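**Student:** I'd like to ask you about the structure that follows.
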Amino acid sequence: MPKQIHTISILGAGKLGITIAQLALKAGYRVYIAGSGSEDKIRLSVSILAPGAVPTTTEHAAQMGDIVILALPLGKYRTIPSRKLKEKLVIDAMNYWWEVDGNADALKNPQTSTSEIVQQYLPDARVVKAISHMGYHHLRDEAQAAGAQNRKALAIAGNHRSDVEQVSEFIDRLGFDPLPIGELHNGRQLEPGHAAFGANLSKDSLASLLL
């Protein structure tokens, strides 16, 4: 039986990480959030922008979360403490931006999705691609209760049905309709340069781009 999700850990305390923390707190989850260094570096900003979230170290956050969300620059994925994520459900919300990540050929392989690269680096974790195609400002502003008219959707790609179901429940509680789109490889459709990237659409409209 899948583990009940009570605690969310977010690796990355930038605009996306803070926005997800705000949504998760509002949905009733306990939230840990880590930046790139000591928790003291983000304590003030977290207390102002996401009051109730617990600033901590990357390793401690990785250990504590029932779901661990990667909201780092993709080029820093090798700084993720892989041993702490053994058997963890991990949401990859990262995208490749050459301006931030550099001209990294390994992250531009047309034969694979960047989430598959992350999964290879985290072989003992269960990686799901989600919360990655919608801008943080739309995530912040568009969350609505289930059943609301024109509720927006977030796509999910993952290799294991039970993981996708758990992430779907999480996304629903955040305020968005979940849209599973198949295995992790299909997460490539959510990356920059593809039609769904930047999409702020209802479930039916998003599905028309992807399915």
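Naming scheme: A, B, ... for chains in displayed order of the structure tokens; residues 1 onward per chain; ligands 1 onward as shown.
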Could you pull out the residues in range 27-121 of chain A that DSSP calls helix (DSSP H, G or I) from the backbone, as a PyMOL selection string?
**Tutor:** chain A and resi 39-41+43-49+58-64+74-79+82-85+98-101+105-108+114-121
**Student:** Taking the DSSP secondary structure from the backbone, can you list the residues of chain A that are strand (DSSP E or B), as a short mmCIF file (atom, residue, chain, number, x, y, z; two decimals) with C-alpha atoms, in the first residue's frame?
**Tutor:**
```cif
data_model
loop_
_atom_site.label_atom_id
_atom_site.label_comp_id
_atom_site.auth_asym_id
_atom_site.auth_seq_id
_atom_site.Cartn_x
_atom_site.Cartn_y
_atom_site.Cartn_z
CA THR A 7 5.51 15.94 4.40
CA ILE A 8 6.86 17.69 1.31
CA SER A 9 10.52 18.59 0.91
CA ILE A 10 11.60 21.09 -1.71
CA LEU A 11 15.19 21.30 -2.92
CA ARG A 30 4.28 19.99 6.38
CA VAL A 31 6.99 21.60 4.26
CA TYR A 32 10.78 21.56 4.43
CA ILE A 33 12.74 23.72 2.00
CA ALA A 34 16.47 23.88 1.26
CA PRO A 51 5.69 31.26 6.67
CA ALA A 53 7.85 26.15 5.92
CA VAL A 54 10.96 24.84 7.69
CA PRO A 55 14.28 26.02 6.20
CA THR A 56 16.88 23.30 6.41
CA ILE A 67 7.70 13.54 -1.57
CA VAL A 68 10.88 15.38 -2.52
CA ILE A 69 10.52 18.07 -5.19
CA LEU A 70 13.51 19.12 -7.26
CA LEU A 89 9.14 9.51 -4.52
CA VAL A 90 10.81 12.44 -6.32
CA ILE A 91 9.09 15.07 -8.46
CA ASP A 92 11.40 16.55 -11.08
CA ARG A 126 11.22 6.91 -8.17
CA VAL A 127 11.29 9.99 -10.38
CA VAL A 128 8.13 11.56 -11.77
CA LYS A 129 8.10 14.60 -14.07
CA ALA A 130 5.57 17.21 -12.92
CA LYS A 152 -5.94 24.57 -14.87
CA ALA A 153 -4.08 21.29 -15.31
CA LEU A 154 -0.57 19.98 -14.68
CA ALA A 155 0.80 17.08 -16.69
CA ILE A 156 2.55 14.12 -15.05
CA ALA A 157 4.93 11.56 -16.58
CA GLY A 158 6.15 8.55 -14.63
CA ASP A 177 -6.25 18.99 -12.33
CA PRO A 178 -3.67 16.21 -12.81
CA LEU A 179 -3.12 14.91 -16.34
CA PRO A 180 -1.06 11.69 -16.56
CA SER A 202 -7.60 23.39 -18.67
#
```
**Student:** Counting only C-alpha atoms, figure out which residue out of A:Tyr96, A:Leu184, A:His137, A:Ser132 gets nearest to Asn109 in chain A.
**Tutor:**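 Among the listed residues, A:Tyr96 lies closest to Asn109 in chain A.
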**Student:** In Å to one decimal, how far is CA of Ile20 in chain A from CA of Pro2 in chain A?
**Tutor:**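 According to the coordinates, CA of Pro2 in chain A and CA of Ile20 in chain A are separated by 22.5 Å.
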**Student:** Neighbours of Gly17 in chain A within 6 Å (only C-alpha atoms; same-chain residues fewer than 4 positions away dropped), as a ChimeraX atom specification?
**Tutor:** /A:12-13,71
**Student:** To one decimal place in Å, what is the distance between CA of Gly175 in chain A and CA of Ala143 in chain A?
**Tutor:**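 Between CA of Gly175 in chain A and CA of Ala143 in chain A the gap is 4.3 Å.
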**Student:** Pick from A:Lys76, A:His185, A:Arg173, A:Arg140: nearest to Gln22 in chain A, with only C-alpha atoms counted?
**Tutor:**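 Residue with the minimum atom-to-atom distance to Gln22 in chain A: A:Arg140.
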**Student:** For Ala196 in chain A, please output as a ChimeraX atom specification all residues within 10 Å (counting only C-alpha atoms; exclusion window: fewer than 2 positions along the same chain).
**Tutor:** /A:133-134,155,188-194,198-201,206-210
**Student:** Considering only C-alpha atoms, can you say which of A:Asp40, A:Thr79, A:Ala195, A:Phe170 comes closest to Leu25 in chain A?
**Tutor:** A:Phe170
